[in-house]
Amino acid sequence: MHLLRTHNYQVFPDRYSVETPVIRGIRWTPLPEALDSKDTMKQFLSERILKAARSVYSVMIERNPGLIRDRKYHLKTYRQCCSGKELVDWLLKQNEGLQSRSQAVGMWQVLVDEGILVHVKHELNFHDKDTQFYRFLHSEFGLNHTTNERDSEDELQEGLSLLSQMGPDALLTMILRKCPNQRSAEDLEVIYEELLHIKSAAQLSTSVRKELAAVLVFETHAKAGTVLFSQGDKGTSWYIIWKGSVNVITHGKGLVTTLHEGEDFGQLALLNDAPRAATIILREDNCHFLRVDKQDFIRILKDVEANTVRLEEHGKCVLVLEKSTDSANQGGAGNGSKYTVMSGTPEKILENLLETVKLDTNGNDSIDPCVSDFLLTHKVFMPSSQLCLTLQHQYPMRCTYHAPPSEGSEPEKATYAAKQKVVKLIGQWVALYGLLLKEDPIALDFLQRLQKEVAGDSRLSSMLKEQFRDRRRTKVMENGYQSLTKNQQFDWFSNCEEPVGKLQPIRAQDKVLYEIFRPDGNPLTLMLPVNTPVQDVMSAMVKPGGDHVLVKMNSVGDRAQLKLDATAVYTALGLNERLFLCTTSQVEQLMPLKEQQGPEQGTTDTLEQMCSKDIASQLTNYDWELFTAMHEVELVYYIFGRHKFPGATTANLERFVRRFNEVQYWVVTELCLCEDLMKRAVLLKKFIKMAAVLKEQKNLNSFFAVMFGLSNSAVQRLYKTWERIPSKTKRVYCAYERLMDPSRNHRAYRLAVAKLSPPYIPFMPLLLKDMTFIHEGNKTYIDKLVNFEKMRMISKTVKIVRGCRSQPYVPSSPQKGLADRMFLEAPAIRISTYSDHFLPLRSPSNIQLYIQDLKVIDNQRKLTQLSRTIER
């Protein structure tokens with residue numbers, strides 16, 4: 001229960017410097033009271049796996065005793081065993097949630113890796129075949145145990161849940177252990193997906209990652225101190241650290257650095273055909289590596305070069321294309337060629353993508369994904385002014401040919417087709433950005449001028465109306481947009497109305513109430529636009545020419561003086577941060593306000609009267625309002641730095657991220673302010689049930705916020721409290737803890753999300769971390785050309801947000817769900833503790849007011865002190 005080290009996921013935006021914002025990921029805090037040993041952790045997991053194996057074995061013996069029997073194959077008898085295929089078939093019958101046989105194979109592989117299930121010939125991999133036989137070592141592991149039928153079913157489902165969580169990891173390791181020439185197409189796809197999340201493979205192109213998947217060799221070393229290779233040795237392989245860490249040592253300098261999971265080494269010696277430049281020594285036991293041998297490495301480099309086409313103009317390269325191995329998802333280069341844009345000048349990339357726009361389909365068909373990749377990221381490398389100018393150049397304004405497609409000369413038809421492609425691409429641009437383009441004067445002027453041109457061409461106008469018709473219906477369905485009346489005159493923004501009755505998005509020019517404090521704590525309030533620079537904020541309060549500065553300060557007392565050209569400083573404030581106006585000599589004397597310290601009393605009595613599911617439902621409803629108010633392009637502005645995009649705002653994204661931090665610290669605050677042990681145990685159970693409901697409602701952002709709050713060191717050290725919650729609740733919490741495992745770039749979470757269908761709210765801090773990972777690991781320009789492969793990867797992450805909202809969110813019904821079945825509450829006890837005057841607290845409106853105004857302590861030191869006060 002308390003073996004896992006606690007972790008705290010918080011996003012720290014810095015909007016006041018010209019530097020790119022930093023996303024710091026998981027902050028691990030070792031507990032002094034807890035055992036911090038990898039051996040202990042391994043033992044803890046092994047015990048849970050053994051318990052799962054016992055429940056699976058017992059049910060199998062009880063329900064299908066004939067499954068384990070003597071088998072004959074090739075004139076040899078194998079005693080008391082099962083075939084791999086029968087085991088997979090049996091597991092699929094027991095767990096209807098399994099979507100494929102490979103999932104079941106992974107679950108059995110977990111037991112094979114633990115030595116509980118063994119191949120009759122001691123092979124390491126589990127095979128889904130009739131001719132491969134396996135035995136349970138029931139006597140060695142004490143698998144024979146009896147329970148009543150109800151407990152047996154509960155334990156089986158709990159065991160299957162654990163195995164299904166661990167199965168994908170075991171399956172991947174099993175695939176990697178195979179010889180490269182024995183991997184199936186499905187195996188290669190699994191490895192390729194994994195490479196997408198490995199740091200050292202981030203800068204590689206799609207085709208290179210796919211080739212790597214086919215040649216990677218799995219290599220393990222058991223003991224720390226093992227020398228992998230020595231300085232001066234001949235370079236034979238490139239290594240990626242899959243698990244563990246290594247020390248890099250050179251002659252004369254000793255330890256140079258330590259490399260960890262996801263990092264690589266050994267590539268330089270292969271590229272330069274030079275001796276090893278350092279000695280690599282294992283830093284810990286049981287290290288796993290993905291190895292690429294030299295001959296494969298060189299061949300892949302040659303293949304990449306052979307499949308690369310460079311287009312030149314006036315002696316300079318303007319476009320780099322790579323032959324696509326998967327034409328289904330990539331844009332072509334015209335004339336039936338299947339090439340992917342890797343880099344190029346903005347104009348040439350756009351010209352190439354326009355060729356991919358198809359005109360032989362109706363307007364409802366989606367445009368090539370590469371086009372939306374370009375449009376979502378274009379402001380990074382091509383501002384609106386440059387894009388509009390290029391589109392205008394591509395659009396033949398003087399073309400007067402309006403005849404049907406079957407008539408006219410070839411040049412006339414080609415010219416008109418070019419117009420159609422440009423108009424269709426612009427339609428996609430408007431669909432992606434919506435009303436944000438109305439706030440861009442250059443884009444708006446271009447669209448208005450083009451609208452007059454399109455309105456005069458009935459065919460172009462009809463094509464766009466058809467293209468927008470289904471989008472209008474979708475908007476009405478998804479976001480509660482009002483029904484739109486038919487309008488004969490074409491309008492780019494006809495389907496871009498604001499949602500009705502929901503939280504409105506914050507626009508760059510919207511006025512918000514700035515609250516700024518003097519050193520004595522007295523506030524000044526003024527209404528200013530969101531994007532007001534610090535210089536203008538100060539001018540509204542003090543006369544220019546003085547030595548006043550604007551400072552932000554958090555609850556701990558950390559101060560940061562804001563630069564005069566910084567904008568949107570108020571909406572970018574973190575949790576419990578405030579703005580202060582003072583002279584330069586007063587900065588060091590500033591102290592946090594009392595309100596920044598958080599509440600002195602908890603709201604346990606209020607929470608006691610509220611149902612866990614009602615609180616979770618209101619959390620989810622509010623989160624959906626925050627989530628839908630945020631435009632996905634804000635993620636691009638946030639990662640690259642909003643200051644690089646004049647007129648842009650990230651206020652909605654920052655508001656949503658701040659909410660994650662708020663919910664996380666709310667959980668910790670309430671538990672640490674509850675002095676009564678019994679009430680605290682009830683509250684702890686309530687939060688765990690709340691997490692279960694949030695997960696069931698597919699609100700992963702608040703689910704993780706609650707779980708990270710529960711795993712905070714100030715909560716984890718409350719041993720007396722944890723001891724008083726039911727064992728079933730503890731098991732649920734342990735199952736959810738695995739989803740927070742950050743290893744292999746949060747693989748457990750990613751696998752869980754892959755099974756979800758929209759609508760759902762993603763774990764936003766991890767999306768930001770992914771985008772930061774891509775941004776920092778890949779250059780925006782390569783040889784002065786736009787690195788479009790990077791834009792494609794950025795866009796893929798951005799599109800996750802769009803995908804999450806592609807179906808309408810419907811508030812949860814009062815019917816009992818999975819969470820209700822997991823937590824059996826005692827109604828009699830609850831009724832006896834409630835009085836009539838508490839009934840209003842349980843009303844949806846009061847719960848809504850409560851969750852939208854959470855008061856929290858975010859000072860970790862103070863929370864730890866409170867925790868030690870209530871439990872020494």
# chains A, B, ... in the order shown; residues from 1 in each chain; ligands from 1

$ residues_around --residues "His631 in chain A" --least-positions-apart "5" --cutoff "9 Å" --atoms "only C-alpha atoms" --output "PyMOL selection string"
chain A and resi 433+436+505+650+652-653+801-802

$ select_by_dssp --residues "range 548-681 of chain A" --states "strand (DSSP E)" --output "ChimeraX atom specification"
/A:548-553,559-561,578-583

$ atom_distance --atom1 "CA of Arg183 in chain A" --atom2 "CA of Leu111 in chain A"
21.8 Å

$ closest_residue --among "A:Val423, A:Glu723, A:Phe446, A:Asn621" --to "Met463 in chain A" --atoms "only C-alpha atoms"
A:Val423

$ atom_distance --atom1 "CA of Leu464 in chain A" --atom2 "CA of Leu387 in chain A"
20.0 Å
